[in-house]
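query_9.cif, holding mmCIF, C-alpha atoms:
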```cif
data_upload
loop_
_atom_site.label_atom_id
_atom_site.label_comp_id
_atom_site.auth_asym_id
_atom_site.auth_seq_id
_atom_site.Cartn_x
_atom_site.Cartn_y
_atom_site.Cartn_z
CA MET A 201 79.80 151.23 34.29
CA SER A 202 80.55 154.00 31.88
CA ASP A 203 79.26 153.33 28.39
CA LYS A 204 82.67 153.56 26.72
CA PHE A 205 85.62 151.21 27.13
CA LYS A 206 88.71 149.95 25.31
CA ALA A 207 89.05 146.55 23.66
CA LEU A 208 91.20 144.79 21.09
CA VAL A 209 89.04 144.19 18.02
CA LEU A 210 89.74 141.72 15.23
CA ASN A 211 88.07 142.18 11.89
CA GLN A 212 88.09 140.37 8.59
CA GLU A 213 86.83 141.85 5.36
CA GLY A 214 87.64 139.64 2.39
CA GLU A 215 91.39 138.92 2.55
CA ASN A 216 92.04 141.84 4.87
CA PHE A 217 92.57 140.79 8.53
CA THR A 218 92.96 143.65 11.01
CA LYS A 219 93.58 144.04 14.73
CA GLU A 220 93.39 147.31 16.61
CA VAL A 221 92.66 148.72 20.05
CA LYS A 222 89.31 150.52 19.78
CA GLU A 223 86.94 152.46 21.96
CA LEU A 224 83.61 150.65 22.08
CA ASP A 225 80.15 151.26 23.48
CA LYS A 226 78.74 148.71 25.93
CA SER A 227 75.93 147.95 23.48
CA PHE A 228 78.65 146.18 21.44
CA LEU A 229 78.72 143.32 24.01
CA LYS A 230 76.07 140.91 22.82
CA HIS A 231 76.55 137.60 24.67
CA GLY A 232 75.75 136.36 28.16
CA ASP A 233 74.02 137.48 31.33
CA VAL A 234 76.90 138.65 33.56
CA THR A 235 78.98 141.77 32.90
CA VAL A 236 82.50 141.83 34.32
CA LYS A 237 84.99 144.67 34.71
CA VAL A 238 88.12 142.90 33.54
CA ASP A 239 91.36 143.48 35.44
CA TYR A 240 93.61 140.94 33.71
CA SER A 241 93.64 138.61 30.75
CA SER A 242 96.64 136.67 29.45
CA LEU A 243 98.44 135.52 26.33
CA ASN A 244 98.11 131.78 25.75
CA TYR A 245 99.31 129.88 22.67
CA LYS A 246 95.72 129.66 21.43
CA ASP A 247 95.41 133.43 21.79
CA ALA A 248 98.48 133.88 19.60
CA LEU A 249 96.96 131.62 16.93
CA ILE A 250 93.71 133.61 17.04
CA LEU A 251 95.50 136.99 16.92
CA LYS A 252 97.38 135.89 13.80
CA ASN A 253 94.34 135.10 11.64
CA GLY A 254 91.42 133.83 13.72
CA ALA A 255 92.80 130.28 13.45
CA ARG A 256 89.42 129.09 12.05
CA LEU A 257 88.23 129.21 15.66
CA VAL A 258 86.58 132.61 15.31
CA LYS A 259 83.40 132.31 13.30
CA GLU A 260 82.16 135.91 13.21
CA PHE A 261 83.76 139.34 12.87
CA PRO A 262 84.21 141.92 14.28
CA HIS A 263 85.48 139.92 17.28
CA ILE A 264 87.03 140.54 20.71
CA PRO A 265 89.67 137.83 21.43
CA GLY A 266 91.20 136.75 24.77
CA ILE A 267 90.43 133.22 26.03
CA ASP A 268 90.60 134.01 29.74
CA PHE A 269 90.08 136.84 32.21
CA SER A 270 89.71 137.77 35.85
CA GLY A 271 87.78 140.68 37.28
CA THR A 272 84.75 141.88 39.21
CA VAL A 273 81.05 141.48 38.41
CA VAL A 274 79.38 144.84 37.73
CA GLU A 275 75.97 143.64 36.55
CA SER A 276 74.29 140.24 36.73
CA LYS A 277 71.04 138.69 35.55
CA ASN A 278 72.28 135.31 36.81
CA GLN A 279 71.16 134.30 40.32
CA LYS A 280 74.57 132.82 41.18
CA PHE A 281 76.39 136.15 40.79
CA LYS A 282 76.00 139.64 42.14
CA GLU A 283 77.76 142.96 41.79
CA GLY A 284 81.16 142.89 43.50
CA ASP A 285 81.83 139.14 43.09
CA GLU A 286 85.39 138.40 42.06
CA ILE A 287 85.56 135.82 39.28
CA ILE A 288 87.88 133.97 36.93
CA LEU A 289 87.00 132.60 33.51
CA THR A 290 88.93 130.14 31.35
CA GLY A 291 87.69 128.05 28.45
CA TRP A 292 84.13 127.50 27.14
CA ARG A 293 85.26 128.94 23.76
CA VAL A 294 85.17 132.47 25.15
CA GLY A 295 87.45 134.56 22.92
CA GLU A 296 86.55 132.22 20.04
CA ILE A 297 82.79 132.08 19.45
CA TYR A 298 82.03 134.52 22.29
CA PHE A 299 83.70 137.88 22.97
CA GLY A 300 86.69 137.48 25.26
CA GLY A 301 88.97 139.13 27.77
CA TYR A 302 91.02 141.59 25.71
CA SER A 303 88.47 144.18 26.74
CA GLN A 304 87.93 146.40 29.77
CA TYR A 305 84.43 144.94 30.05
CA ALA A 306 83.24 141.44 29.15
CA LYS A 307 79.75 139.97 29.12
CA VAL A 308 79.45 136.19 29.38
CA ASN A 309 77.21 133.32 30.40
CA GLY A 310 77.35 133.09 34.21
CA GLU A 311 77.59 129.30 33.97
CA PHE A 312 81.16 129.77 32.67
CA LEU A 313 82.42 131.66 35.72
CA VAL A 314 84.28 130.43 38.80
CA LYS A 315 83.87 132.61 41.88
CA LYS A 316 86.91 133.43 43.98
CA THR A 317 86.47 131.96 47.45
CA MET B 113 95.32 135.66 36.18
CA ILE B 114 99.00 134.81 36.42
CA LEU B 115 97.75 131.24 36.03
CA GLY B 116 94.88 131.71 33.57
CA THR B 117 94.20 129.13 30.88
CA ALA B 118 97.83 127.99 30.77
CA GLY B 119 97.87 127.54 34.53
CA PHE B 120 94.58 125.66 34.58
CA THR B 121 95.84 123.39 31.79
CA ALA B 122 99.09 122.80 33.70
CA LEU B 123 97.11 121.95 36.85
CA GLN B 124 95.05 119.40 34.93
CA CYS B 125 98.15 117.87 33.30
CA ALA B 126 100.20 117.63 36.49
CA PHE B 127 97.28 116.13 38.40
CA THR B 128 96.74 113.54 35.69
CA THR B 129 100.38 112.49 35.42
CA LYS B 130 100.93 112.24 39.18
CA GLN B 131 97.68 111.83 41.14
CA THR B 132 95.66 109.95 38.55
CA ARG B 133 98.21 107.17 38.38
CA GLU B 134 98.92 107.04 42.10
CA VAL B 135 95.42 107.53 43.47
CA LEU B 136 92.87 106.70 40.82
CA LEU B 137 94.74 103.83 39.18
CA LEU B 138 96.38 102.70 42.45
CA GLY B 139 99.75 102.70 40.70
CA GLU B 140 103.26 103.03 42.02
CA LYS B 141 104.70 106.35 43.06
CA VAL B 142 105.44 108.72 40.19
CA GLN B 143 109.01 109.95 40.59
CA ASP B 144 110.71 110.74 37.31
CA VAL B 145 108.64 112.85 34.94
CA LEU B 146 109.23 114.61 31.65
CA VAL B 147 107.74 117.98 30.69
CA THR B 148 108.02 119.09 27.05
CA GLY B 149 107.76 122.70 25.94
CA ALA B 150 108.94 123.54 29.43
CA SER B 151 109.78 127.16 28.64
CA GLY B 152 106.19 127.91 27.63
CA GLY B 153 103.26 128.98 29.79
CA VAL B 154 101.81 125.51 30.41
CA GLY B 155 105.21 123.78 30.51
CA SER B 156 106.81 126.14 33.00
CA ILE B 157 103.85 125.96 35.41
CA ALA B 158 103.63 122.14 35.05
CA THR B 159 107.36 121.97 35.88
CA MET B 160 106.79 124.01 39.05
CA ILE B 161 103.77 121.98 40.17
CA LEU B 162 105.32 118.54 39.57
CA SER B 163 108.49 119.62 41.31
CA LYS B 164 106.45 120.86 44.27
CA LEU B 165 104.65 117.49 44.31
CA GLY B 166 108.04 115.87 44.83
CA CYS B 167 108.83 114.63 41.32
CA ASN B 168 112.19 114.75 39.58
CA VAL B 169 111.32 116.83 36.55
CA THR B 170 113.26 116.60 33.30
CA ALA B 171 112.40 119.77 31.39
CA VAL B 172 112.55 119.72 27.58
CA THR B 173 113.12 123.02 25.79
CA GLY B 174 114.33 124.22 22.42
CA LYS B 175 116.16 127.09 24.11
CA ASP B 176 119.41 126.03 25.81
CA SER B 177 119.69 129.54 27.22
CA ASN B 178 116.66 128.76 29.41
CA SER B 179 118.43 125.98 31.26
CA GLU B 180 119.20 128.04 34.38
CA TYR B 181 115.68 129.48 34.47
CA LEU B 182 114.15 125.99 34.29
CA LYS B 183 116.37 124.76 37.10
CA SER B 184 115.38 127.80 39.17
CA ILE B 185 111.70 126.80 38.91
CA GLY B 186 112.37 123.21 39.97
CA ALA B 187 113.66 121.17 37.01
CA LYS B 188 116.30 118.57 38.00
CA ASN B 189 117.52 118.07 34.42
CA VAL B 190 117.13 120.00 31.19
CA ILE B 191 117.39 118.46 27.73
CA ASN B 192 117.07 119.98 24.27
CA THR B 193 113.94 119.35 22.22
CA SER B 194 116.08 118.18 19.27
CA GLU B 195 116.74 114.95 21.21
CA LEU B 196 113.05 114.09 20.92
CA ASP B 197 112.12 115.79 17.65
CA LYS B 198 112.95 112.88 15.33
CA GLU B 199 111.30 109.74 14.07
CA ALA B 200 110.37 107.66 17.12
CA ARG B 201 111.16 103.99 17.63
CA PRO B 202 108.09 101.90 18.59
CA LEU B 203 109.67 101.38 22.02
CA ASP B 204 112.73 103.15 23.33
CA LYS B 205 114.53 103.03 26.64
CA GLY B 206 111.92 103.38 29.42
CA ILE B 207 113.08 106.32 31.53
CA TYR B 208 110.07 108.22 32.90
CA ASP B 209 107.15 107.30 35.17
CA GLY B 210 104.98 109.82 33.38
CA ALA B 211 105.03 112.92 31.22
CA VAL B 212 103.29 116.18 30.40
CA ASP B 213 103.47 116.94 26.69
CA THR B 214 102.56 120.48 25.64
CA VAL B 215 103.77 120.32 22.02
CA GLY B 216 102.51 117.21 20.18
CA GLY B 217 103.99 115.97 16.88
CA ASN B 218 107.22 113.93 16.79
CA VAL B 219 108.08 115.00 20.31
CA LEU B 220 104.97 113.30 21.68
CA SER B 221 105.75 110.14 19.66
CA ASN B 222 109.15 109.96 21.33
CA VAL B 223 107.73 110.71 24.76
CA LEU B 224 105.35 107.74 24.44
CA SER B 225 108.30 105.44 23.62
CA HIS B 226 110.30 106.60 26.65
CA VAL B 227 107.63 106.15 29.33
CA LYS B 228 107.89 103.15 31.65
CA ASP B 229 105.19 100.63 32.55
CA ALA B 230 101.75 102.05 33.26
CA GLY B 231 102.88 105.66 32.99
CA ILE B 232 100.48 108.41 32.03
CA VAL B 233 101.27 110.94 29.31
CA ALA B 234 99.02 114.01 29.62
CA ALA B 235 98.87 115.75 26.22
CA CYS B 236 97.56 119.27 25.76
CA GLY B 237 99.34 121.04 22.90
CA ASN B 238 100.15 121.18 19.19
CA ALA B 239 103.00 123.67 18.72
CA SER B 240 105.20 120.89 17.23
CA GLY B 241 102.40 119.63 15.01
CA ILE B 242 98.91 118.15 15.08
CA LYS B 243 99.95 114.79 13.61
CA LEU B 244 100.81 111.94 15.94
CA ASN B 245 102.80 109.12 14.42
CA THR B 246 102.98 106.25 16.86
CA THR B 247 102.41 102.50 17.17
CA VAL B 248 100.37 100.39 19.55
CA MET B 249 103.57 99.15 21.24
CA PRO B 250 103.83 101.62 24.17
CA PHE B 251 100.16 100.98 24.92
CA ILE B 252 100.04 97.17 24.71
CA ILE B 253 103.56 96.27 25.89
CA ARG B 254 103.98 98.85 28.66
CA GLY B 255 100.38 99.83 29.36
CA VAL B 256 101.27 103.46 28.73
CA LYS B 257 98.25 105.75 28.84
CA LEU B 258 97.83 108.74 26.57
CA TRP B 259 95.51 111.13 28.42
CA GLY B 260 94.08 114.06 26.48
CA ILE B 261 93.68 117.30 28.37
CA ASN B 262 91.08 119.80 27.26
CA SER B 263 90.68 122.99 29.22
CA VAL B 264 87.74 124.35 27.27
CA THR B 265 84.87 122.19 28.51
CA ALA B 266 86.15 120.95 31.89
CA SER B 267 83.17 120.94 34.28
CA ILE B 268 82.67 123.73 36.83
CA LYS B 269 82.99 121.06 39.53
CA ARG B 270 86.46 120.11 38.27
CA ARG B 271 87.43 123.77 37.87
CA GLU B 272 86.40 124.62 41.43
CA PHE B 273 88.30 121.60 42.76
CA LEU B 274 91.53 122.40 40.90
CA TRP B 275 91.47 126.15 41.63
CA GLY B 276 90.92 125.17 45.26
CA GLU B 277 94.16 123.14 45.22
CA VAL B 278 96.22 125.97 43.76
CA GLU B 279 97.58 127.35 47.02
CA LYS B 280 99.12 123.95 47.82
CA LEU B 281 100.53 123.32 44.36
CA VAL B 282 101.89 126.64 43.13
CA ASP B 283 104.69 128.73 44.58
CA PHE B 284 103.35 132.17 43.67
CA ALA B 285 106.47 134.07 44.72
CA LEU B 286 108.46 131.94 42.28
CA LEU B 287 105.86 132.15 39.53
CA GLU B 288 105.64 135.93 39.71
CA LYS B 289 109.30 136.19 38.73
CA SER B 290 108.56 134.76 35.29
CA ILE B 291 105.48 136.91 34.61
CA LYS B 292 105.61 139.74 32.11
CA GLU B 293 102.81 142.29 32.13
CA VAL B 294 101.70 143.92 28.86
CA SER B 295 99.01 146.31 27.63
CA LEU B 296 96.54 145.58 24.82
CA GLY B 297 98.75 147.58 22.45
CA GLU B 298 101.93 145.71 23.45
CA LEU B 299 100.14 142.40 22.99
CA ILE B 300 100.05 142.96 19.23
CA ASP B 301 103.88 143.07 19.20
CA VAL B 302 104.38 140.06 21.49
CA TYR B 303 102.12 137.36 20.04
CA PRO B 304 104.16 136.74 16.83
CA LYS B 305 107.20 135.99 19.01
CA MET B 306 105.20 133.36 20.86
CA LEU B 307 104.28 131.67 17.57
CA GLN B 308 107.97 131.65 16.61
CA GLY B 309 108.87 129.97 19.91
CA LYS B 310 110.81 133.03 21.04
CA THR B 311 108.94 133.73 24.28
CA SER B 312 109.29 132.12 27.73
CA GLY B 313 107.01 131.97 30.75
CA ARG B 314 103.71 133.78 31.05
CA TYR B 315 102.44 137.06 29.62
CA ILE B 316 99.53 138.66 31.38
CA VAL B 317 97.49 141.53 29.97
CA ASN B 318 96.65 144.44 32.26
CA LEU B 319 93.43 146.04 31.00
CA ASN B 320 94.07 149.18 33.04
CA LYS B 321 97.54 149.71 31.61
#
```

Take the structure in the file and write it out as structure tokens.
Amino acid sequence: MSDKFKALVLNQEGENFTKEVKELDKSFLKHGDVTVKVDYSSLNYKDALILKNGARLVKEFPHIPGIDFSGTVVESKNQKFKEGDEIILTGWRVGEIYFGGYSQYAKVNGEFLVKKT
Amino acid sequence: MILGTAGFTALQCAFTTKQTREVLLLGEKVQDVLVTGASGGVGSIATMILSKLGCNVTAVTGKDSNSEYLKSIGAKNVINTSELDKEARPLDKGIYDGAVDTVGGNVLSNVLSHVKDAGIVAACGNASGIKLNTTVMPFIIRGVKLWGINSVTASIKRREFLWGEVEKLVDFALLEKSIKEVSLGELIDVYPKMLQGKTSGRYIVNLNK
């Protein structure tokens, strides 16, 4: 993967809550053992609540929201997944306490992923 | 991703309302079902799935203008949310064999009072409120079951099973008609409309757009 990618980033400093599309470096992704090139995410009601103000579900900022995504594995330290696997992720508080799918790349715990069969 | 979290939640809800009662609880056939918040992501997909499973779906929406759309995805009847968004009687006329409630609040209270003997109400949302004002009557007189649906911590085993059923349960050609694709930038304009109840169907985010 290239080192730079786009993501929607939420930030909160004092009373000031911001959301903007930013270019990030892959070192920004700090959770998990499987890196996925994200093709699609979606807008669920919980996403809308989080985009408004974090909805008390997001504990740390800056944050990448998006509670689901689908895409292709590009790097894996988890035995169950290898480069090229197509996956879907929903739930597990991804997009809340972990970085989510509003990002061209996502890095998550492999135990959260369902492989396309 | 046209299903995503909303689709997975709808799969869980529809399975609970229909299969759980018929198969797991060895109950009678589930025919007439109610789906609240039917214009939304979970509600519209639950309407499609239950209709495909052979149920007569009554779709509940706050938007009368969506009536034709809801019928096009399988709803037999469409009623306005205002009919259910009022103080509920402990028991009301039993009309439905089961229900999927995506909104909570007063609407869910009324749904519980309208479900017939041994029906399952699968509840997964809070857009109408997080409070639930009800009585024990639907539960002890009719054996109604309120079944909470949580899509966050469902086991991988359950996820693999439900995703495996998708081809049988979802008409993708139909679903694709109600999908709107947006970019990350456009998302920032769309989400407030969802919170105001002004959106319908599913929005997917294309990360390459």

Near Ile287 (chain A), within 6 Å and counting all atoms listed in the file, which residues show up once chain neighbours fewer than 2 positions away are dropped, as a list in words? Ser270, Gly271, Val314, Lys315 and Lys316 of chain A

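The spacing separating CA of Tyr208 (chain B) from CA of Leu138 (chain B) amounts to 17.6 Å.
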
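Between CA of Ala211 (chain B) and CA of Glu272 (chain B) the interatomic distance comes to 24.3 Å.
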
Residues picked by the PyMOL selection byres ((chain B) within 8 of (chain A)) here, as an NGL selection string? :B and (113-114 or 116-118 or 120 or 153 or 263-265 or 268 or 271-272 or 296-297 or 299-300 or 303-304 or 306-307 or 314-320)

I need the residue set behind the PyMOL selection byres ((chain B and resi 274) around 12) for this file; please write it as a ChimeraX atom specification. /A:314 /B:115,119-128,263,266-273,275-282

Which residue of B:Gly231, B:Gly313, B:Gly260, B:Pro250 approaches Gln131 (chain B) most closely, using all atoms listed in the file: B:Gly231

Quick one: apply the PyMOL selection byres ((chain A and resi 228) around 12) to the file and drop the selected residues here as a PyMOL selection string. chain A and resi 203-207+209+222-227+229-231+262-264+299+303+305-307

Interatomic distance (Å, one decimal) between CA of Met160 (chain B) and CA of Asp285 (chain A): 29.5 Å

Give me the residues near Phe281 (chain A) as a count of residues only, where near means some atom within 8 Å (using only C-alpha atoms) and where sequence neighbours in that chain fewer than 4 positions away do not count. 6

What lies within 6 Å of Val258 (chain A) using only C-alpha atoms, ignoring chain neighbours under 2 positions off, as a list in words?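 In the requested format, the answer is Gly254, Arg256, Glu260, Glu296 and Ile297 of chain A.
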
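Remark: for Gly241 (chain B), the closest of the candidate residues B:Leu287, B:Glu180, B:Thr214, B:Arg254 is B:Thr214 (distances computed over only C-alpha atoms).
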
Using the file's own x, y and z axes, what box holds all listed atoms of region 165-180 of chain B with 8 Å on each side, keeping edges along x, y and z, and what are its centre and edge lengths in Å to one decimal, as JSON?
```
{"center_x": 112.2, "center_y": 122.1, "center_z": 33.6, "size_x": 31.0, "size_y": 30.9, "size_z": 38.4}
```

Ranking B:Arg133, B:Lys141, B:Lys205, B:Lys175 by minimum distance to Thr311 (chain B) and counting only C-alpha atoms, which one comes first?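 That would be B:Lys175, the residue with the smallest distance to Thr311 (chain B).
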
Kindly extract all protein, DNA and RNA residues lying within 6 Å of the coordinates (101.2, 103.3, 38.4) given in the file, considering all atoms listed in the file, and supply them as a ChimeraX atom specification. /B:133-134,139-140,230
